[in-house]
$ cat data.cif   # mmCIF, C-alpha atoms
data_run
loop_
_atom_site.label_atom_id
_atom_site.label_comp_id
_atom_site.auth_asym_id
_atom_site.auth_seq_id
_atom_site.Cartn_x
_atom_site.Cartn_y
_atom_site.Cartn_z
CA MET A 288 16.24 -19.47 -1.80
CA PRO A 289 16.48 -19.68 -5.61
CA GLN A 290 16.72 -16.14 -6.91
CA SER A 291 14.23 -16.77 -9.71
CA ASN A 292 11.48 -17.53 -7.20
CA LEU A 293 11.27 -14.10 -5.63
CA PRO A 294 7.63 -12.91 -5.84
CA ARG A 295 7.17 -10.25 -8.51
CA PHE A 296 4.42 -8.26 -6.79
CA VAL A 297 4.35 -7.53 -3.05
CA ILE A 298 2.16 -5.02 -1.24
CA PHE A 299 2.29 -3.81 2.36
CA GLU A 300 -0.82 -2.51 4.06
CA GLY A 301 -1.97 -1.41 7.49
CA VAL A 302 -2.71 1.65 9.58
CA ASP A 303 -0.12 4.45 9.65
CA GLY A 304 2.59 3.61 12.13
CA THR A 305 2.54 -0.18 11.77
CA GLY A 306 5.96 -0.39 10.07
CA LYS A 307 5.02 -0.61 6.39
CA THR A 308 7.57 1.84 5.07
CA SER A 309 10.57 0.45 6.95
CA LEU A 310 9.67 -3.13 6.03
CA SER A 311 9.02 -2.38 2.35
CA ARG A 312 12.34 -0.56 2.04
CA ALA A 313 14.15 -3.46 3.66
CA LEU A 314 12.55 -5.84 1.17
CA VAL A 315 13.63 -3.61 -1.74
CA ALA A 316 17.22 -3.83 -0.50
CA TYR A 317 16.85 -7.61 -0.12
CA TYR A 318 15.69 -7.94 -3.75
CA ARG A 319 18.40 -5.68 -5.11
CA GLU A 320 21.08 -7.67 -3.32
CA ARG A 321 19.86 -11.00 -4.68
CA ARG A 322 18.73 -9.89 -8.13
CA PRO A 323 20.84 -6.82 -9.03
CA GLU A 324 19.97 -7.25 -12.71
CA MET A 325 16.22 -7.05 -12.04
CA THR A 326 14.21 -3.81 -12.08
CA VAL A 327 12.54 -3.17 -8.72
CA PHE A 328 9.80 -0.55 -8.75
CA HIS A 329 9.08 0.73 -5.24
CA ASP A 330 6.56 3.43 -4.42
CA ALA A 331 4.53 4.67 -1.49
CA PHE A 332 0.97 5.32 -2.62
CA PRO A 333 -0.29 7.85 -3.53
CA GLY A 334 3.26 8.53 -4.76
CA ALA A 335 6.75 9.43 -3.66
CA ARG A 336 8.44 10.00 -7.01
CA PRO A 337 9.16 13.70 -7.71
CA GLY A 338 7.19 15.23 -10.55
CA THR A 339 4.38 12.67 -10.51
CA LEU A 340 0.69 13.28 -9.90
CA GLY A 341 0.98 11.06 -6.83
CA GLU A 342 3.74 13.18 -5.34
CA TRP A 343 1.66 16.34 -5.87
CA VAL A 344 -1.39 14.70 -4.27
CA TYR A 345 0.79 13.70 -1.30
CA ARG A 346 1.99 17.30 -0.90
CA PHE A 347 -1.56 18.60 -1.29
CA HIS A 348 -2.84 16.15 1.32
CA HIS A 349 -0.14 17.36 3.73
CA GLY A 350 -0.70 21.04 3.00
CA THR A 351 2.60 21.70 1.25
CA ALA A 352 1.49 21.99 -2.39
CA ARG A 353 1.98 25.50 -3.78
CA ASP A 354 -0.93 27.38 -5.37
CA ALA A 355 -3.39 24.70 -4.19
CA PRO A 356 -6.78 25.17 -2.50
CA LYS A 357 -6.77 25.03 1.28
CA LEU A 358 -6.99 21.43 2.42
CA ASP A 359 -9.78 22.04 4.92
CA GLY A 360 -11.87 23.59 2.15
CA ILE A 361 -11.98 20.34 0.16
CA ASP A 362 -14.47 17.61 1.01
CA PRO A 363 -12.70 14.56 2.53
CA VAL A 364 -14.21 12.21 -0.06
CA ALA A 365 -12.99 14.45 -2.89
CA ARG A 366 -9.50 14.28 -1.36
CA GLN A 367 -9.65 10.49 -1.46
CA LEU A 368 -10.70 10.63 -5.11
CA LEU A 369 -7.49 12.55 -5.81
CA HIS A 370 -5.63 9.57 -4.37
CA VAL A 371 -7.54 7.24 -6.69
CA ALA A 372 -6.58 9.38 -9.69
CA ALA A 373 -2.92 9.33 -8.62
CA HIS A 374 -3.04 5.56 -8.19
CA VAL A 375 -4.52 5.04 -11.66
CA ASP A 376 -1.77 7.20 -13.15
CA THR A 377 0.95 5.13 -11.45
CA ILE A 378 -0.73 1.82 -12.26
CA ARG A 379 -1.05 2.56 -15.97
CA SER A 380 2.25 4.36 -16.48
CA GLN A 381 4.55 2.36 -14.20
CA ILE A 382 3.10 -0.81 -12.72
CA MET A 383 1.19 -2.40 -15.59
CA PRO A 384 4.17 -2.25 -18.01
CA ILE A 385 6.24 -4.15 -15.43
CA LEU A 386 3.74 -6.78 -14.30
CA THR A 387 2.30 -7.56 -17.75
CA ASN A 388 5.80 -8.19 -19.13
CA PRO A 389 7.27 -11.61 -18.19
CA GLU A 390 10.72 -9.98 -18.05
CA GLY A 391 9.47 -6.74 -16.55
CA GLY A 392 10.81 -6.93 -13.01
CA THR A 393 9.23 -6.57 -9.59
CA VAL A 394 6.79 -4.17 -7.92
CA ILE A 395 6.88 -3.53 -4.16
CA LEU A 396 4.25 -1.12 -2.85
CA ASP A 397 3.94 0.68 0.46
CA ARG A 398 0.10 0.82 0.48
CA TYR A 399 -2.50 -0.57 -1.90
CA TRP A 400 -6.09 0.51 -2.57
CA TRP A 401 -7.11 -0.76 0.87
CA SER A 402 -5.83 2.47 2.44
CA THR A 403 -8.20 4.57 0.35
CA TYR A 404 -11.04 2.36 1.56
CA ALA A 405 -10.04 2.65 5.23
CA TYR A 406 -9.49 6.40 5.15
CA SER A 407 -12.78 6.95 3.29
CA ARG A 408 -14.86 4.91 5.74
CA PRO A 409 -15.32 7.68 8.34
CA TYR A 410 -17.35 9.52 5.69
CA LEU A 411 -18.84 6.72 3.57
CA SER A 412 -20.62 3.39 3.91
CA PRO A 413 -18.66 0.26 2.93
CA GLU A 414 -20.54 0.15 -0.38
CA GLN A 415 -19.82 3.80 -1.16
CA ALA A 416 -16.14 3.46 -0.22
CA LEU A 417 -15.74 0.52 -2.60
CA ALA A 418 -17.60 2.40 -5.33
CA ILE A 419 -15.24 5.39 -5.37
CA ILE A 420 -12.24 3.02 -5.61
CA GLU A 421 -13.69 0.97 -8.48
CA PRO A 422 -11.98 3.07 -11.23
CA GLU A 423 -8.67 1.90 -9.72
CA ARG A 424 -9.63 -1.69 -8.95
CA VAL A 425 -10.64 -2.36 -12.55
CA PHE A 426 -6.96 -2.08 -13.53
CA TRP A 427 -5.69 -4.22 -10.67
CA ARG A 428 -7.92 -7.03 -11.89
CA GLU A 429 -5.94 -7.14 -15.13
CA MET A 430 -2.77 -8.13 -13.26
CA GLN A 431 -1.60 -11.00 -11.11
CA PRO A 432 -2.69 -10.85 -7.46
CA PRO A 433 -0.02 -9.58 -5.09
CA VAL A 434 1.64 -11.24 -2.15
CA ALA A 435 -0.31 -9.18 0.38
CA VAL A 436 1.32 -8.38 3.73
CA TYR A 437 -1.06 -6.82 6.24
CA LEU A 438 0.71 -5.34 9.26
CA THR A 439 -1.03 -4.83 12.59
CA ARG A 440 0.21 -3.24 15.77
CA GLN A 441 -1.33 -2.66 19.19
CA ARG A 442 -0.01 0.91 19.32
CA THR A 443 1.09 3.16 16.50
CA LEU A 444 4.75 3.97 15.90
CA LYS A 445 3.62 7.53 15.07
CA PRO A 446 1.82 8.74 18.21
CA ASP A 447 2.49 12.37 17.25
CA GLU A 448 0.44 11.86 14.07
CA LEU A 449 -2.23 9.36 15.14
CA ASP A 450 -3.82 9.00 18.56
CA GLN A 451 -4.85 5.62 19.90
CA PRO A 452 -8.65 5.95 19.37
CA HIS A 453 -8.09 6.95 15.74
CA HIS A 454 -5.61 4.09 15.32
CA GLN A 455 -8.19 1.61 16.59
CA GLN A 456 -10.92 3.06 14.36
CA LEU A 457 -8.77 2.75 11.25
CA ALA A 458 -7.72 -0.77 12.24
CA ALA A 459 -11.41 -1.73 12.33
CA TYR A 460 -11.90 -0.33 8.81
CA TYR A 461 -8.86 -2.22 7.56
CA GLY A 462 -10.33 -5.32 9.17
CA GLU A 463 -13.46 -4.87 7.06
CA ILE A 464 -11.62 -4.83 3.76
CA VAL A 465 -9.26 -7.64 4.75
CA ALA A 466 -12.28 -9.80 5.60
CA GLN A 467 -13.97 -8.92 2.31
CA GLU A 468 -10.87 -9.72 0.28
CA ARG A 469 -10.35 -13.03 2.06
CA ALA A 470 -13.98 -13.90 1.29
CA THR A 471 -13.13 -13.60 -2.42
CA GLY A 472 -10.30 -16.11 -1.99
CA MET A 473 -7.39 -13.67 -1.73
CA VAL A 474 -4.49 -14.88 0.40
CA ILE A 475 -3.51 -12.23 2.95
CA HIS A 476 -0.53 -12.66 5.25
CA GLU A 477 -1.22 -10.89 8.54
CA ILE A 478 1.84 -10.06 10.65
CA ALA A 479 1.65 -8.51 14.12
CA ASN A 480 4.43 -5.96 14.59
CA ASN A 481 4.64 -5.75 18.37
CA GLY A 482 8.28 -6.75 18.85
CA THR A 483 11.62 -5.73 17.36
CA PHE A 484 12.24 -4.90 13.73
CA GLU A 485 14.53 -7.93 13.48
CA GLU A 486 11.67 -10.19 14.58
CA LEU A 487 9.40 -8.52 12.04
CA TRP A 488 11.99 -8.90 9.28
CA GLN A 489 12.49 -12.60 9.99
CA GLN A 490 8.74 -13.16 9.72
CA LEU A 491 8.73 -11.44 6.33
CA VAL A 492 11.73 -13.39 5.00
CA SER A 493 10.09 -16.63 6.08
CA LEU A 494 6.88 -15.63 4.30
CA ILE A 495 8.71 -14.64 1.08
CA GLU A 496 10.63 -17.90 1.03
CA LYS A 497 7.38 -19.85 1.20
CA GLN A 498 6.15 -18.22 -2.03
CA ARG A 499 8.24 -20.62 -4.15
#
$ encode --input "data.cif" --output "structure tokens"
Amino acid sequence: MPQSNLPRFVIFEGVDGTGKTSLSRALVAYYRERRPEMTVFHDAFPGARPGTLGEWVYRFHHGTARDAPKLDGIDPVARQLLHVAAHVDTIRSQIMPILTNPEGGTVILDRYWWSTYAYSRPYLSPEQALAIIEPERVFWREMQPPVAVYLTRQRTLKPDELDQPHHQQLAAYYGEIVAQERATGMVIHEIANNGTFEELWQQLVSLIEKQR
């Protein structure tokens, strides 16, 4: 594959435990091997980079942020709005400078705004869930659409964190937003991760190569 044809913006989405993180990290390594001179920005929304708002929101959401209110004392929708704020911070400070610059490099994301929609849906209608994400989506519209990889799996890879009924419920909410996005004309590549990682990786490589 010609190195110059690697897609500049790739996102991975799906319910927790579908393989997003492992696959996105493998793709980062793939890019860095083939284009060592190119900047590759990789993050796991709401944020994994120390010292960022996203990293604090992640720690708060998992109950490890110091001097923070108790998690169960915060309304679930308000918690999702913290994720939106962290996303906007990363978009404007990190992602937009890369994707609006022809020489800016590549962005690979483990999660997109779809996760905020799916995890808000137990508490909100579809219309309300989209409304609270709109402050983030307005900035995404200013950039090129991503190569969107939507991972599905019959059973979660994280059974200690997500039981099967909850997994199925979240999958249904993801299905809603995937259908809505496809209705707008967005191309979404759905990959079922029910085999080995090697099989999953080969499907991704084949997909990336077709983006020439």
$ closest_residue --input "data.cif" --among "A:Glu342, A:Gln489, A:Thr326, A:Leu438" --to "Val465 (chain A)" --atoms "all atoms listed in the file"
A:Leu438
$ residues_around --input "data.cif" --residues "Val394 (chain A)" --least-positions-apart "3" --cutoff "7 Å" --atoms "all atoms listed in the file" --output "list of chain:residue names"
A:Arg295, A:Phe296, A:Val297, A:Val327, A:Phe328, A:His329, A:Ile382
$ residues_near_point --input "data.cif" --point "(9.3, -18.6, 4.4)" --cutoff "12 Å" --atoms "only C-alpha atoms" --output "list in words"
Met288, Asn292, Leu293, Pro294, His476, Trp488, Gln489, Gln490, Leu491, Val492, Ser493, Leu494, Ile495, Glu496, Lys497, Gln498 and Arg499 of chain A
$ resolve_selection --input "data.cif" --expression "the PyMOL selection byres ((chain A and resi 399) around 7)" --output "list in words"
Ile298, Glu300, Phe332, Leu396, Asp397, Arg398, Trp400, Trp401 and Ser402 of chain A
$ write_last_selection --input "data.cif" --atoms "C-alpha atoms" --output "mmCIF file, in the coordinates of the input"
data_model
loop_
_atom_site.group_PDB
_atom_site.id
_atom_site.type_symbol
_atom_site.label_atom_id
_atom_site.label_comp_id
_atom_site.auth_asym_id
_atom_site.auth_seq_id
_atom_site.Cartn_x
_atom_site.Cartn_y
_atom_site.Cartn_z
ATOM 1 C CA ILE A 298 2.160 -5.020 -1.240
ATOM 2 C CA GLU A 300 -0.820 -2.510 4.060
ATOM 3 C CA PHE A 332 0.970 5.320 -2.620
ATOM 4 C CA LEU A 396 4.250 -1.120 -2.850
ATOM 5 C CA ASP A 397 3.940 0.680 0.460
ATOM 6 C CA ARG A 398 0.100 0.820 0.480
ATOM 7 C CA TRP A 400 -6.090 0.510 -2.570
ATOM 8 C CA TRP A 401 -7.110 -0.760 0.870
ATOM 9 C CA SER A 402 -5.830 2.470 2.440
#
$ resolve_selection --input "data.cif" --expression "the PyMOL selection byres ((chain A and resi 358-369) around 12)" --output "PyMOL selection string"
chain A and resi 332-334+340-357+370-376+400-412+415-423
$ atom_distance --input "data.cif" --atom1 "CA of Ile378 (chain A)" --atom2 "CA of Asp330 (chain A)"
10.8 Å
$ atom_distance --input "data.cif" --atom1 "CA of Glu485 (chain A)" --atom2 "CA of His453 (chain A)"
27.2 Å
$ atom_distance --input "data.cif" --atom1 "CA of Leu457 (chain A)" --atom2 "CA of Arg336 (chain A)"
26.1 Å
$ resolve_selection --input "data.cif" --expression "the PyMOL selection byres ((chain A and resi 430) around 12)" --output "VMD selection string"
chain A and resid 295 to 296 378 to 379 382 to 389 394 424 to 429 431 to 433
$ closest_residue --input "data.cif" --among "A:Gly392, A:Ser380, A:Tyr318, A:Gln441" --to "His454 (chain A)" --atoms "only C-alpha atoms"
A:Gln441
$ closest_residue --input "data.cif" --among "A:Ile395, A:Met325, A:Val434, A:Leu444" --to "Val302 (chain A)" --atoms "all atoms listed in the file"
A:Leu444
$ closest_residue --input "data.cif" --among "A:Thr377, A:Tyr317, A:Pro452, A:Val436" --to "Met473 (chain A)" --atoms "only C-alpha atoms"
A:Val436
